[in-house]
Structure formats: C-alpha cells, structure tokens
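The structure under discussion appears below in the form of structure tokens.
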Amino acid sequence: MIKVVKFGGSSLASAEQFRKVADIIHSDESRRYVVPSAPGKRFSADTKVTDMLYGCYELAAKGKNFDAEFDAIKERYNSIITELNIDLDLDKEFDTVKACFIGRAGRDYAASRGEYLNGLVLAAYLGYSFIDPAEMIFFRDDGSFDADRTIKAVGDRLVGVERAVIPGFYGSMPNDTIKTFSRGGSDITGSIVAAGTGADLYENWTDVSGFLICDPRIVEDPQPIRTITYKELRELAYMGATVLHEDAIFPVRKAGIPINIKNTNKPGDAGTFIVESTSQKPLYTITGIAGKKGFAVVNIEKDMMNGELGFGRRVLEQFEKNGISFEHMPSGIDTMSIIVHQEQFGEKEQEILAGIHRNCHPDVIDIETDLALIAVVGRGMKSERGTAGRIFSALAHAHVNVKMIDQGSSELNIIIGVSERDFETACKAIYDIFVLQQL
Ligand code: ADP
Ligand code: ASP
Ligand code: MG
C-alpha cells in the first residue's frame, strides 16, 4: 500500500506544525512519499514564505538591497531547525539562493525555493530521502505541463526509493530553468507523485476537516462534505473553492486514485473523499456551494436573433479575436448574454463592442459590471425536483436579486449571477435552505 501525503503551508508553518506532520507520517507505514509546501502563515496576520520570496526577488530584480527581507526568510527556516533540534545547516543553500537572486534567476526560481528549502528541512527531520522535482516534473517550451513525460519520469525515479520527500509547486523547463505551477500548485505535485508511483491514495493535509459545503470565510462553521466526485469538485474548485488546486484532479483521476482531504490539526476527523463515482447518497440535495466576484455581462438584444444564421458565432468571434474567453452564455429568443472576467474584458472592451456592432448589428448592447457568480453543485440535483425553485425562493427571501441563471447540461450545477454586494448574503441563504433547514 502506498499513500502520497501532501502538506499545505499552514501544516508546515512552525516547529509545532512539523511535529504534528511527523506524527501523522509515522503513524502509518504506507505514507511513503511526502510533498511539502513552503511554510505558510502561523497566524492570520503572518506572511507566507512564498510571498516573502516574491517580495524579496522583486527587490533583487530592481537591483535594490534585500538583505533584511532575505534574513527574515532565513529566520523562518532556522527557527524550525533550531526548535526541532534537526542536524542540518542551510547556510550554503541560503548563499546559493541569494547569489541566484542577485544573478536574476527568475521569479519562478525565487518562489520555488520556499518548497525546496522546506523539503530539505522535512527530509532531514523525518530521515527520508530528498528528491528534487526539477529532475522529474517537466514543462514544455511553451510553458505547458508535460504530463506523460512527467508521470513516467516520476515512476522511474521513485521505483526502489522506499521513502522520500519531494517538494511541491515546481518542476523544470527544457533549458533546465525552474518553473512553478500557479499559486497553490503543490496540490498538483502531490497528484503527480500519486499517479507516477501508482499510489493507492493521495492524502491532502490542510487546515480544515475536508472540503466544506461552503467557504468557511462566508458561512460560519460549514459542514464537511463526506464524499464528492471529481466532477463536482472541479466545478467547485473552478468557482473559487480553493481547498484544492483545480488542476490537481487530472493526474489522479486518470489513474483512478482517490483523494482524501484531511486536517493536520485534527487528524482523527474523516475529512473528504474525492472519488470518480460513488453509490453513496449525498446527505443533502446539494454537495457544495462556491462563488467568485469580478465578472461582467454583455447583454445583446436583436429582434429575430434566433432566426439569424451564424449570429452567435459572429458575436463569439469578436471575443475570440481579442483573446477573451467567456464563462457562460445564457440566451433567449432575441437576447444573448456573454459573461466574462471583468478585468480581462475591461482591457479589450471597446474593440469587442465595436466588432459586435460592425459584424452583428444588434439593436441594443448593454454591459453590467460587478457581478458575482455562485455555483450550486450536486450529483443529487438531477433526481430531485424543484432545486432551482428552492434557490430562487431562498434568494427572494434574502432580498437578493438574481441577475442570471444557467444550468449546466449535466444537471450537476446551477450557476447564479448576483450583484457583488449580495454575494455573501446569497451564499448564506443557499446554505441555509439546503443544509440548515434540512437538519
Ligand atoms: P493549504 O495551505 O493547506 O494548501 P489552502 O489555504 O490552499 O490550504 O486551502 C485551505 C483553505 O481553503 C481553508 O483554510 C479555507 O479557508 C479555504 N476554503 C475555501 N473554500 C473552502 C471550502 N469549500 N471548504 C474548505 N475550505 C475552503
Ligand atoms: N507555496 C505555494 C503558494 O503559496 C504553493 C502551495 O502552497 O501549494 O502558492
Ligand atoms: Mg493550497
């Protein structure tokens, strides 16, 4: 039995957290491959080492002095090493990193050192081998992740390695420079190592007892989800439930490996199982709620639109030409709405509008901004009638005006657009009607 265990930043933020992590690893022999993040926040006003590194590198890249900032980073690691009495001296490593900062080794290199150094500390503390992911996680020249080559390389490299620590978040480019995944990317590394080693389980250890029905920063003490399918999770992750990086699903899913989200601070809690499919009935009609702010909607009206061949294509072409992808596109007989990320759209707005006017001759185009999208996701919604109705009535009771609604063809999710200022109220109202009122 092989388990790959990934520990997030808050799980490795201090010596005390390192002790919990070691207890978890030692309590189960099959926890053989460990993927650490960089030390995260020890308290809410603290700074993650990754952010300290980005800040430091920015100074270095401008040719400014960054000694004090760099010393603060060294101190984060040294305090852990000293407190845990680990036989390890990182001074040479720090000197190399500093020299590379001065030599402008790149922003990705800088950020990756958070995981690299933490990996060295954790490997020494556990007595595990240290394996640098730059040797086996590969990106292509265009910056995309080379999954096939990587999974094979990971398998080849780790065969015969009984126990190892593999830092998360980065790999290497064909020219041997370092490249990171996007923020939160250690989750992806864990998934890659699980797929490469053919693990039985990928445990993702964090600071909450699993995937919760709603963001705990919006709803107080939400319930954890016991079992969720990859598809449901992807919908929620994409819409802002950031417990797990959205790209962390693909490698394990392909290999049929389940993910278990667990809480480092409460290891006895069951957490959430993420699986391909399940016969387990969800406890509630909905599995989860997630949402994001920062959307704009372009509403287009034209009489007889639905009879005009190629109208939709010509509209979308204007977005495509300007490199803007759209999120949703609800439509009526004479209306069509395109929902886009406000910030990206803002940069190309006039070009796109002019293109639509020229090529589609609409009667009216109007733009609404500051929209939030909320995804209500659940495999149980398909077999249950009246879900949309319940959402509407809950939102009406909470005095939230629904600006848009879009149901995915899989009947797995319903997307609701509301004004940004109603976002939190709307999430709470939906949680209330489907969870609290069912208890
Ligand atoms: P780690 O550092 O372990 O990778 P993250 O900060 O990336 O942890 O993810 C865990 C955090 O995700 C939680 O502390 C919580 O604030 C946030 N979060 C957002 N939505 C949810 C949700 N639906 N369920 C659980 N946590 C959520
Ligand atoms: N340390 C990186 C970040 O803060 C990667 C991770 O934590 O997964 O984004
Ligand atoms: Mg994370």
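A note on labels: chains of the structure tokens are A, B, ... as shown, every chain counts residues from 1, and ligands are counted from 1 in their shown order.
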Where does stretch 243-329 of chain A meet stretch 353-365 of chain A within 7 Å, residue by residue, with the nearest atom pair and distance in Å to one decimal for each, counting only C-alpha atoms, listed by chain and rising number, as a tab-separated table?
residue	atom	partner	partner_atom	distance
A:Val298	CA	A:Ile365	CA	6.9
A:Asn299	CA	A:Ile365	CA	5.6
A:Ile300	CA	A:Ile365	CA	4.6
A:Glu301	CA	A:Val364	CA	5.1
A:Lys302	CA	A:Asp363	CA	4.8
A:Phe311	CA	A:Cys360	CA	6.6
A:Arg314	CA	A:Cys360	CA	6.6
A:Val315	CA	A:Ile356	CA	5.8
A:Gln318	CA	A:Gly355	CA	5.7
At a cut-off of 7 Å, using only C-alpha atoms, what residues contact stretch 54-67 of chain A? Leave out same-chain residues fewer than 5 positions from it and give the result as a PDB file with N, CA and C atoms, in the first residue's frame.
ATOM      1  N   PHE A 101      19.500  35.023  -6.734  1.00  0.00           N
ATOM      2  CA  PHE A 101      18.626  36.201  -6.757  1.00  0.00           C
ATOM      3  C   PHE A 101      19.372  37.366  -7.402  1.00  0.00           C
ATOM      4  N   ILE A 102      20.600  37.554  -6.959  1.00  0.00           N
ATOM      5  CA  ILE A 102      21.399  38.665  -7.500  1.00  0.00           C
ATOM      6  C   ILE A 102      21.632  38.445  -8.997  1.00  0.00           C
ATOM      7  N   ARG A 104      19.612  37.242 -10.971  1.00  0.00           N
ATOM      8  CA  ARG A 104      18.303  37.297 -11.662  1.00  0.00           C
ATOM      9  C   ARG A 104      17.879  35.932 -12.227  1.00  0.00           C
ATOM     10  N   ARG A 107      11.664  34.815 -11.333  1.00  0.00           N
ATOM     11  CA  ARG A 107      10.647  34.863 -10.295  1.00  0.00           C
ATOM     12  C   ARG A 107      10.202  33.456  -9.878  1.00  0.00           C
ATOM     13  N   ALA A 110      12.761  31.913  -7.713  1.00  0.00           N
ATOM     14  CA  ALA A 110      12.688  32.514  -6.370  1.00  0.00           C
ATOM     15  C   ALA A 110      11.574  31.858  -5.553  1.00  0.00           C
ATOM     16  N   ALA A 111      10.375  31.790  -6.120  1.00  0.00           N
ATOM     17  CA  ALA A 111       9.230  31.249  -5.376  1.00  0.00           C
ATOM     18  C   ALA A 111       9.449  29.777  -5.035  1.00  0.00           C
TER      19      ALA A 111
END
At a cut-off of 12 Å, using only C-alpha atoms, what residues contact A:Gly323? Leave out same-chain residues fewer than 4 positions from it and give the result as a PyMOL selection string. chain A and resi 316-319+340-341+344-345+347-349+351-352
Quick one: write out the picked residues with N, CA and C atoms as a short mmCIF file (atom, residue, chain, number, x, y, z; two decimals), in the first residue's frame?
data_model
loop_
_atom_site.label_atom_id
_atom_site.label_comp_id
_atom_site.auth_asym_id
_atom_site.auth_seq_id
_atom_site.Cartn_x
_atom_site.Cartn_y
_atom_site.Cartn_z
N LEU A 316 -19.37 35.61 -30.78
CA LEU A 316 -18.27 34.97 -30.03
C LEU A 316 -16.92 35.21 -30.70
N GLU A 317 -16.96 35.34 -32.03
CA GLU A 317 -15.73 35.58 -32.78
C GLU A 317 -15.04 36.87 -32.31
N GLN A 318 -15.84 37.85 -31.94
CA GLN A 318 -15.26 39.13 -31.51
C GLN A 318 -14.49 38.95 -30.20
N PHE A 319 -15.01 38.07 -29.34
CA PHE A 319 -14.31 37.78 -28.08
C PHE A 319 -13.03 36.99 -28.38
N VAL A 340 -18.15 37.34 -18.75
CA VAL A 340 -16.69 37.33 -18.89
C VAL A 340 -16.03 37.83 -17.61
N HIS A 341 -14.74 37.56 -17.47
CA HIS A 341 -13.97 38.13 -16.36
C HIS A 341 -13.82 39.63 -16.61
N GLN A 344 -10.14 41.18 -17.43
CA GLN A 344 -9.62 40.88 -18.77
C GLN A 344 -10.44 41.60 -19.83
N PHE A 345 -11.75 41.54 -19.65
CA PHE A 345 -12.64 42.14 -20.64
C PHE A 345 -12.42 43.65 -20.73
N GLU A 347 -9.91 45.42 -20.60
CA GLU A 347 -8.78 45.85 -21.44
C GLU A 347 -9.13 45.85 -22.93
N LYS A 348 -10.12 45.03 -23.31
CA LYS A 348 -10.42 44.88 -24.74
C LYS A 348 -11.84 45.33 -25.07
N GLU A 349 -12.48 45.90 -24.09
CA GLU A 349 -13.91 46.20 -24.20
C GLU A 349 -14.30 46.91 -25.50
N GLU A 351 -12.76 47.36 -28.37
CA GLU A 351 -12.52 46.58 -29.60
C GLU A 351 -13.65 45.57 -29.80
N ILE A 352 -14.02 44.89 -28.69
CA ILE A 352 -15.05 43.85 -28.80
C ILE A 352 -16.41 44.46 -29.15
#
Please write out the residues within 6 Å of ligand 2 as an mmCIF file with all heavy atoms, in the first residue's frame, counting only C-alpha atoms and all ligand atoms.
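After the write, out-v7.cif holds the following:
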data_model
loop_
_atom_site.group_PDB
_atom_site.id
_atom_site.type_symbol
_atom_site.label_atom_id
_atom_site.label_comp_id
_atom_site.auth_asym_id
_atom_site.auth_seq_id
_atom_site.Cartn_x
_atom_site.Cartn_y
_atom_site.Cartn_z
ATOM 1 N N GLY A 8 0.049 21.192 3.278
ATOM 2 C CA GLY A 8 -0.036 22.591 2.856
ATOM 3 C C GLY A 8 0.791 23.502 3.753
ATOM 4 O O GLY A 8 1.354 23.061 4.768
ATOM 5 N N GLY A 9 0.842 24.756 3.372
ATOM 6 C CA GLY A 9 1.686 25.732 4.063
ATOM 7 C C GLY A 9 1.388 25.886 5.541
ATOM 8 O O GLY A 9 2.308 25.934 6.371
ATOM 9 N N SER A 37 4.583 21.879 1.095
ATOM 10 C CA SER A 37 4.542 23.260 0.598
ATOM 11 C C SER A 37 5.602 24.057 1.359
ATOM 12 O O SER A 37 6.230 23.536 2.273
ATOM 13 C CB SER A 37 3.193 23.909 0.912
ATOM 14 O OG SER A 37 2.185 23.383 0.110
ATOM 15 N N ALA A 38 5.723 25.323 1.007
ATOM 16 C CA ALA A 38 6.589 26.228 1.775
ATOM 17 C C ALA A 38 5.862 26.595 3.072
ATOM 18 O O ALA A 38 4.637 26.516 3.127
ATOM 19 C CB ALA A 38 6.853 27.474 0.943
ATOM 20 N N THR A 50 6.328 31.940 0.621
ATOM 21 C CA THR A 50 6.255 32.162 -0.837
ATOM 22 C C THR A 50 6.103 33.651 -1.150
ATOM 23 O O THR A 50 6.763 34.178 -2.041
ATOM 24 C CB THR A 50 5.064 31.379 -1.440
ATOM 25 O OG1 THR A 50 5.156 30.035 -1.009
ATOM 26 C CG2 THR A 50 5.057 31.433 -2.953
ATOM 27 N N PHE A 169 5.073 22.267 -5.967
ATOM 28 C CA PHE A 169 4.956 23.574 -6.621
ATOM 29 C C PHE A 169 5.795 23.803 -7.882
ATOM 30 O O PHE A 169 5.501 24.685 -8.649
ATOM 31 C CB PHE A 169 5.261 24.669 -5.581
ATOM 32 C CG PHE A 169 4.891 26.081 -5.947
ATOM 33 C CD1 PHE A 169 3.754 26.371 -6.694
ATOM 34 C CD2 PHE A 169 5.671 27.151 -5.496
ATOM 35 C CE1 PHE A 169 3.411 27.686 -6.989
ATOM 36 C CE2 PHE A 169 5.328 28.466 -5.786
ATOM 37 C CZ PHE A 169 4.203 28.727 -6.534
ATOM 38 N N ARG A 183 -0.292 29.527 -8.255
ATOM 39 C CA ARG A 183 -0.348 29.511 -6.789
ATOM 40 C C ARG A 183 -1.175 28.328 -6.281
ATOM 41 O O ARG A 183 -2.197 27.975 -6.860
ATOM 42 C CB ARG A 183 -0.948 30.825 -6.260
ATOM 43 C CG ARG A 183 -0.102 32.067 -6.481
ATOM 44 C CD ARG A 183 1.275 32.035 -5.873
ATOM 45 N NE ARG A 183 1.383 31.820 -4.444
ATOM 46 C CZ ARG A 183 1.480 32.780 -3.521
ATOM 47 N NH1 ARG A 183 1.436 34.036 -3.892
ATOM 48 N NH2 ARG A 183 1.639 32.472 -2.246
ATOM 49 N N GLY A 184 -0.723 27.760 -5.197
ATOM 50 C CA GLY A 184 -1.412 26.596 -4.637
ATOM 51 C C GLY A 184 -1.025 25.299 -5.344
ATOM 52 O O GLY A 184 -1.619 24.244 -5.121
ATOM 53 N N GLY A 185 0.008 25.376 -6.192
ATOM 54 C CA GLY A 185 0.334 24.264 -7.080
ATOM 55 C C GLY A 185 0.957 23.037 -6.436
ATOM 56 O O GLY A 185 1.121 22.010 -7.108
ATOM 57 N N SER A 186 1.281 23.086 -5.153
ATOM 58 C CA SER A 186 1.813 21.864 -4.522
ATOM 59 C C SER A 186 0.779 20.745 -4.555
ATOM 60 O O SER A 186 1.133 19.566 -4.542
ATOM 61 C CB SER A 186 2.205 22.131 -3.070
ATOM 62 O OG SER A 186 3.208 23.099 -3.021
ATOM 63 N N ASP A 187 -0.493 21.130 -4.589
ATOM 64 C CA ASP A 187 -1.551 20.115 -4.719
ATOM 65 C C ASP A 187 -1.359 19.307 -5.997
ATOM 66 O O ASP A 187 -1.637 18.110 -6.037
ATOM 67 C CB ASP A 187 -2.931 20.790 -4.814
ATOM 68 C CG ASP A 187 -3.357 21.443 -3.508
ATOM 69 O OD1 ASP A 187 -2.927 20.975 -2.444
ATOM 70 O OD2 ASP A 187 -4.146 22.410 -3.567
#
Give me the chain A side of the contact with ligand 1, cut-off 9 Å, one line per residue showing its nearest atom pair and distance in Å at one decimal, counting only C-alpha atoms and all ligand atoms, sorted by chain and residue number, as a Markdown table.
| residue | atom | partner | partner_atom_place_in_ligand_line | distance |
| --- | --- | --- | --- | --- |
| A:Lys6 | CA | ligand 1 | 3 (O) | 8.5 |
| A:Phe7 | CA | ligand 1 | 3 (O) | 6.1 |
| A:Gly8 | CA | ligand 1 | 3 (O) | 3.2 |
| A:Gly9 | CA | ligand 1 | 2 (O) | 4.1 |
| A:Ser10 | CA | ligand 1 | 2 (O) | 5.1 |
| A:Ser11 | CA | ligand 1 | 3 (O) | 6.3 |
| A:Leu12 | CA | ligand 1 | 2 (O) | 8.7 |
| A:Ser37 | CA | ligand 1 | 2 (O) | 7.4 |
| A:Ala38 | CA | ligand 1 | 2 (O) | 8.8 |
| A:Pro39 | CA | ligand 1 | 2 (O) | 8.7 |
| A:Gly40 | CA | ligand 1 | 2 (O) | 6.6 |
| A:Lys41 | CA | ligand 1 | 2 (O) | 8.5 |
| A:Arg183 | CA | ligand 1 | 7 (O) | 8.8 |
| A:Gly184 | CA | ligand 1 | 7 (O) | 5.8 |
| A:Gly185 | CA | ligand 1 | 4 (O) | 8.5 |
| A:Ser186 | CA | ligand 1 | 4 (O) | 7.4 |
| A:Asp187 | CA | ligand 1 | 4 (O) | 7.0 |
| A:Asn204 | CA | ligand 1 | 3 (O) | 7.7 |
| A:Trp205 | CA | ligand 1 | 3 (O) | 6.1 |
| A:Thr206 | CA | ligand 1 | 3 (O) | 3.5 |
| A:Asp207 | CA | ligand 1 | 14 (O) | 5.3 |
| A:Val208 | CA | ligand 1 | 14 (O) | 5.6 |
| A:Ser209 | CA | ligand 1 | 25 (C) | 7.5 |
| A:Gly210 | CA | ligand 1 | 25 (C) | 6.0 |
| A:Phe211 | CA | ligand 1 | 24 (N) | 4.0 |
| A:Leu212 | CA | ligand 1 | 24 (N) | 3.5 |
| A:Ile213 | CA | ligand 1 | 23 (N) | 5.4 |
| A:Cys214 | CA | ligand 1 | 23 (N) | 4.3 |
| A:Asp215 | CA | ligand 1 | 20 (N) | 3.6 |
| A:Pro216 | CA | ligand 1 | 16 (O) | 5.9 |
| A:Arg217 | CA | ligand 1 | 16 (O) | 6.1 |
| A:Ile218 | CA | ligand 1 | 20 (N) | 8.7 |
| A:Pro222 | CA | ligand 1 | 24 (N) | 8.1 |
| A:Gln223 | CA | ligand 1 | 24 (N) | 8.8 |
| A:Pro224 | CA | ligand 1 | 24 (N) | 7.2 |
| A:Ile225 | CA | ligand 1 | 24 (N) | 8.4 |
| A:Leu236 | CA | ligand 1 | 23 (N) | 7.7 |
| A:Ala237 | CA | ligand 1 | 20 (N) | 8.2 |
| A:Gly240 | CA | ligand 1 | 20 (N) | 6.9 |
| A:Ala241 | CA | ligand 1 | 20 (N) | 3.9 |
| A:Thr242 | CA | ligand 1 | 19 (C) | 4.9 |
| A:Val243 | CA | ligand 1 | 9 (O) | 3.6 |
| A:Leu244 | CA | ligand 1 | 7 (O) | 6.2 |
| A:His245 | CA | ligand 1 | 7 (O) | 7.5 |
| A:Asn263 | CA | ligand 1 | 3 (O) | 8.6 |
| A:Thr264 | CA | ligand 1 | 3 (O) | 8.8 |
| A:Gly288 | CA | ligand 1 | 23 (N) | 7.1 |
| A:Ile289 | CA | ligand 1 | 23 (N) | 7.1 |
| A:Ala290 | CA | ligand 1 | 23 (N) | 6.6 |
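Counting only C-alpha atoms and comparing A:Asn85, A:Thr180, A:Thr189, A:Asn306, the residue that lies closest to A:Ala124 is A:Asn85.
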Which residues come within 7 Å of A:Ile415, counting only C-alpha atoms, excluding same-chain residues fewer than 4 positions away, as an mmCIF file with C-alpha atoms, in the first residue's frame?
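Done, and the output landed in result.cif:
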data_model
loop_
_atom_site.group_PDB
_atom_site.id
_atom_site.type_symbol
_atom_site.label_atom_id
_atom_site.label_comp_id
_atom_site.auth_asym_id
_atom_site.auth_seq_id
_atom_site.Cartn_x
_atom_site.Cartn_y
_atom_site.Cartn_z
ATOM 1 C CA LEU A 373 -21.224 34.033 -9.869
ATOM 2 C CA ILE A 374 -22.287 31.308 -7.478
ATOM 3 C CA ALA A 375 -22.177 27.639 -8.398
ATOM 4 C CA VAL A 376 -24.553 25.328 -6.600
ATOM 5 C CA ILE A 405 -29.223 31.676 -14.032
ATOM 6 C CA ASP A 406 -27.594 28.943 -16.059
ATOM 7 C CA GLN A 407 -27.966 25.217 -15.597
#
If we count only C-alpha atoms and set the cut-off at 8 Å, which residues sit around A:Asn401, ignoring sequence neighbours fewer than 4 positions away in its own chain? Please answer as a PyMOL selection string. chain A and resi 395-396+418-419
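Going from atom CA of A:Phe250 over to atom CA of A:Leu126, you cover 29.2 Å.
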When DSSP works through the backbone of this structure, what residues of stretch 29-167 of chain A end up as alpha helix (DSSP H), shown as a count of residues only? 74
Applying 9 Å and only C-alpha atoms, which residues near A:Val4 remain after dropping the ones on its own chain fewer than 4 positions away? List them as an MDAnalysis selection string. chainID A and resid 30:35 190:191 193:194 197 199:204
Produce a file of the selected residues containing all heavy atoms, as a CSV table (one decimal), in the first residue's frame.
chain,number,residue,atom,x,y,z
A,30,SER,N,2.4,3.2,5.4
A,30,SER,CA,2.2,3.4,3.9
A,30,SER,C,2.4,4.8,3.5
A,30,SER,O,2.4,5.1,2.3
A,30,SER,CB,0.9,2.8,3.5
A,30,SER,OG,-0.1,3.4,4.3
A,31,ARG,N,2.5,5.8,4.4
A,31,ARG,CA,2.7,7.2,4.0
A,31,ARG,C,4.2,7.4,3.6
A,31,ARG,O,5.0,7.9,4.3
A,31,ARG,CB,2.3,8.1,5.1
A,31,ARG,CG,0.8,8.1,5.4
A,31,ARG,CD,0.3,9.0,6.4
A,31,ARG,NE,-1.1,8.9,6.5
A,31,ARG,CZ,-1.8,8.8,7.6
A,31,ARG,NH1,-1.3,8.8,8.8
A,31,ARG,NH2,-3.2,8.8,7.6
A,32,ARG,N,4.5,6.9,2.3
A,32,ARG,CA,5.9,6.8,1.9
A,32,ARG,C,6.4,8.0,1.2
A,32,ARG,O,7.6,8.3,1.2
A,32,ARG,CB,6.1,5.6,1.0
A,32,ARG,CG,6.0,4.3,1.9
A,32,ARG,CD,6.0,3.1,1.0
A,32,ARG,NE,6.9,3.1,0.0
A,32,ARG,CZ,7.0,2.2,-1.0
A,32,ARG,NH1,6.0,1.3,-1.1
A,32,ARG,NH2,7.9,2.3,-2.0
A,33,TYR,N,5.6,8.7,0.5
A,33,TYR,CA,6.1,9.9,-0.3
A,33,TYR,C,5.4,11.2,0.2
A,33,TYR,O,4.1,11.2,0.2
A,33,TYR,CB,5.8,9.7,-1.8
A,33,TYR,CG,6.5,8.4,-2.3
A,33,TYR,CD1,5.7,7.3,-2.8
A,33,TYR,CD2,7.9,8.3,-2.3
A,33,TYR,CE1,6.3,6.1,-3.2
A,33,TYR,CE2,8.5,7.1,-2.7
A,33,TYR,CZ,7.7,6.0,-3.1
A,33,TYR,OH,8.3,4.9,-3.5
A,34,VAL,N,6.2,12.1,0.6
A,34,VAL,CA,5.7,13.3,1.2
A,34,VAL,C,6.0,14.5,0.4
A,34,VAL,O,7.1,14.8,-0.1
A,34,VAL,CB,6.4,13.5,2.6
A,34,VAL,CG1,5.8,14.7,3.4
A,34,VAL,CG2,6.3,12.2,3.4
A,35,VAL,N,4.9,15.3,0.1
A,35,VAL,CA,5.1,16.5,-0.7
A,35,VAL,C,4.8,17.7,0.2
A,35,VAL,O,3.6,17.9,0.6
A,35,VAL,CB,4.1,16.5,-1.9
A,35,VAL,CG1,4.2,17.8,-2.7
A,35,VAL,CG2,4.5,15.3,-2.8
A,190,GLY,N,1.5,16.8,-5.6
A,190,GLY,CA,1.0,15.6,-4.9
A,190,GLY,C,0.3,14.6,-5.8
A,190,GLY,O,0.5,13.4,-5.7
A,191,SER,N,-0.5,15.2,-6.6
A,191,SER,CA,-1.3,14.4,-7.5
A,191,SER,C,-0.4,13.7,-8.5
A,191,SER,O,-0.6,12.5,-8.9
A,191,SER,CB,-2.3,15.3,-8.2
A,191,SER,OG,-3.1,14.6,-9.1
A,193,VAL,N,2.8,12.9,-8.1
A,193,VAL,CA,3.6,11.8,-7.4
A,193,VAL,C,2.7,10.6,-7.2
A,193,VAL,O,3.1,9.5,-7.4
A,193,VAL,CB,4.2,12.4,-6.1
A,193,VAL,CG1,4.9,11.3,-5.4
A,193,VAL,CG2,5.2,13.5,-6.4
A,194,ALA,N,1.4,10.9,-6.8
A,194,ALA,CA,0.5,9.7,-6.6
A,194,ALA,C,0.3,8.9,-7.9
A,194,ALA,O,0.4,7.7,-7.9
A,194,ALA,CB,-0.8,10.3,-6.1
A,197,THR,N,3.6,7.0,-9.0
A,197,THR,CA,4.0,5.9,-8.1
A,197,THR,C,2.9,4.8,-8.1
A,197,THR,O,3.0,3.8,-7.4
A,197,THR,CB,4.3,6.3,-6.7
A,197,THR,OG1,3.2,7.0,-6.2
A,197,THR,CG2,5.5,7.2,-6.6
A,199,ALA,N,0.0,5.2,-6.6
A,199,ALA,CA,-0.4,5.1,-5.2
A,199,ALA,C,-1.8,4.6,-5.0
A,199,ALA,O,-2.6,4.7,-5.9
A,199,ALA,CB,-0.2,6.5,-4.5
A,200,ASP,N,-2.1,4.1,-3.8
A,200,ASP,CA,-3.5,3.7,-3.5
A,200,ASP,C,-4.4,4.9,-3.1
A,200,ASP,O,-5.6,4.9,-3.3
A,200,ASP,CB,-3.5,2.7,-2.4
A,200,ASP,CG,-2.7,1.5,-2.8
A,200,ASP,OD1,-3.2,0.6,-3.5
A,200,ASP,OD2,-1.5,1.4,-2.5
A,201,LEU,N,-3.7,5.9,-2.5
A,201,LEU,CA,-4.5,7.0,-2.0
A,201,LEU,C,-3.6,8.3,-2.0
A,201,LEU,O,-2.4,8.2,-1.7
A,201,LEU,CB,-4.9,6.7,-0.6
A,201,LEU,CG,-5.8,7.8,0.1
A,201,LEU,CD1,-7.1,7.9,-0.5
A,201,LEU,CD2,-6.0,7.4,1.6
A,202,TYR,N,-4.2,9.4,-2.3
A,202,TYR,CA,-3.5,10.7,-2.2
A,202,TYR,C,-4.1,11.5,-1.1
A,202,TYR,O,-5.3,11.9,-1.2
A,202,TYR,CB,-3.6,11.4,-3.6
A,202,TYR,CG,-3.2,12.9,-3.6
A,202,TYR,CD1,-2.2,13.3,-2.6
A,202,TYR,CD2,-3.7,13.8,-4.5
A,202,TYR,CE1,-1.8,14.7,-2.6
A,202,TYR,CE2,-3.3,15.1,-4.5
A,202,TYR,CZ,-2.4,15.6,-3.6
A,202,TYR,OH,-2.0,16.9,-3.6
A,203,GLU,N,-3.4,11.6,0.0
A,203,GLU,CA,-3.9,12.4,1.1
A,203,GLU,C,-3.4,13.8,1.0
A,203,GLU,O,-2.2,14.0,0.9
A,203,GLU,CB,-3.4,11.8,2.4
A,203,GLU,CG,-4.1,10.5,2.8
A,203,GLU,CD,-3.6,9.9,4.1
A,203,GLU,OE1,-2.5,10.3,4.6
A,203,GLU,OE2,-4.3,9.0,4.7
A,204,ASN,N,-4.3,14.7,1.1
A,204,ASN,CA,-4.0,16.1,1.0
A,204,ASN,C,-4.3,16.8,2.4
A,204,ASN,O,-5.5,17.0,2.7
A,204,ASN,CB,-4.8,16.8,-0.1
A,204,ASN,CG,-4.4,18.2,-0.4
A,204,ASN,OD1,-4.7,19.1,0.3
A,204,ASN,ND2,-3.8,18.4,-1.6
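Using only C-alpha atoms and all ligand atoms, the shortest contact distance between ligand 3 and any of A:Asp269, A:Asp303, A:Glu246, A:Asp432 is found at A:Glu246.
If you measure from each of A:Glu276, A:Thr287, A:Glu232, A:Phe181 to ligand 3 using only C-alpha atoms and all ligand atoms, the closest one turns out to be A:Phe181.
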I'd like the interatomic distance between atom CA of A:Glu411 and atom CA of A:Cys427, to a tenth of an Å. 19.5 Å
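Non-sequential neighbours of A:Ile249 (distance at most 8 Å, separation of 5 or more positions within a chain, only C-alpha atoms) are Ile188, Ser191, Tyr230 and Arg234 of chain A.
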Written file, previous selection with N, CA and C atoms, as a short mmCIF file (atom, residue, chain, number, x, y, z; two decimals), in the first residue's frame:
data_model
loop_
_atom_site.label_atom_id
_atom_site.label_comp_id
_atom_site.auth_asym_id
_atom_site.auth_seq_id
_atom_site.Cartn_x
_atom_site.Cartn_y
_atom_site.Cartn_z
N ILE A 188 -0.92 19.99 -7.05
CA ILE A 188 -0.70 19.31 -8.34
C ILE A 188 0.47 18.34 -8.21
N SER A 191 -0.53 15.18 -6.60
CA SER A 191 -1.31 14.37 -7.51
C SER A 191 -0.42 13.65 -8.53
N TYR A 230 -15.03 13.72 -8.56
CA TYR A 230 -14.07 14.60 -9.21
C TYR A 230 -14.79 15.72 -9.96
N ARG A 234 -14.40 19.64 -9.31
CA ARG A 234 -13.83 20.52 -10.33
C ARG A 234 -14.71 21.76 -10.50
#
Which parts of stretch 324-370 of chain A does DSSP call strand (DSSP E) when run on the backbone here, written out as a VMD selection string? chain A and resid 335 to 341 364 to 370
Nearest to A:Asp51 among A:Ala72, A:Ile228, A:Ile192, A:Ile81, with distances taken over only C-alpha atoms: which residue is it? A:Ala72
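Reported to one decimal place, the separation of atom CA of A:Lys262 from atom CA of A:Arg226 is 11.1 Å.
For the residues A:Val121, A:Ala153, A:Met52, A:Ala68, ranking by smallest atom-to-atom distance to A:Ile80 using only C-alpha atoms places A:Val121 first.
Across A:Ile261, A:Met305, A:Ala388, A:Ile178, the tightest approach to ligand 3 is made by A:Ile261 when counting only C-alpha atoms and all ligand atoms.
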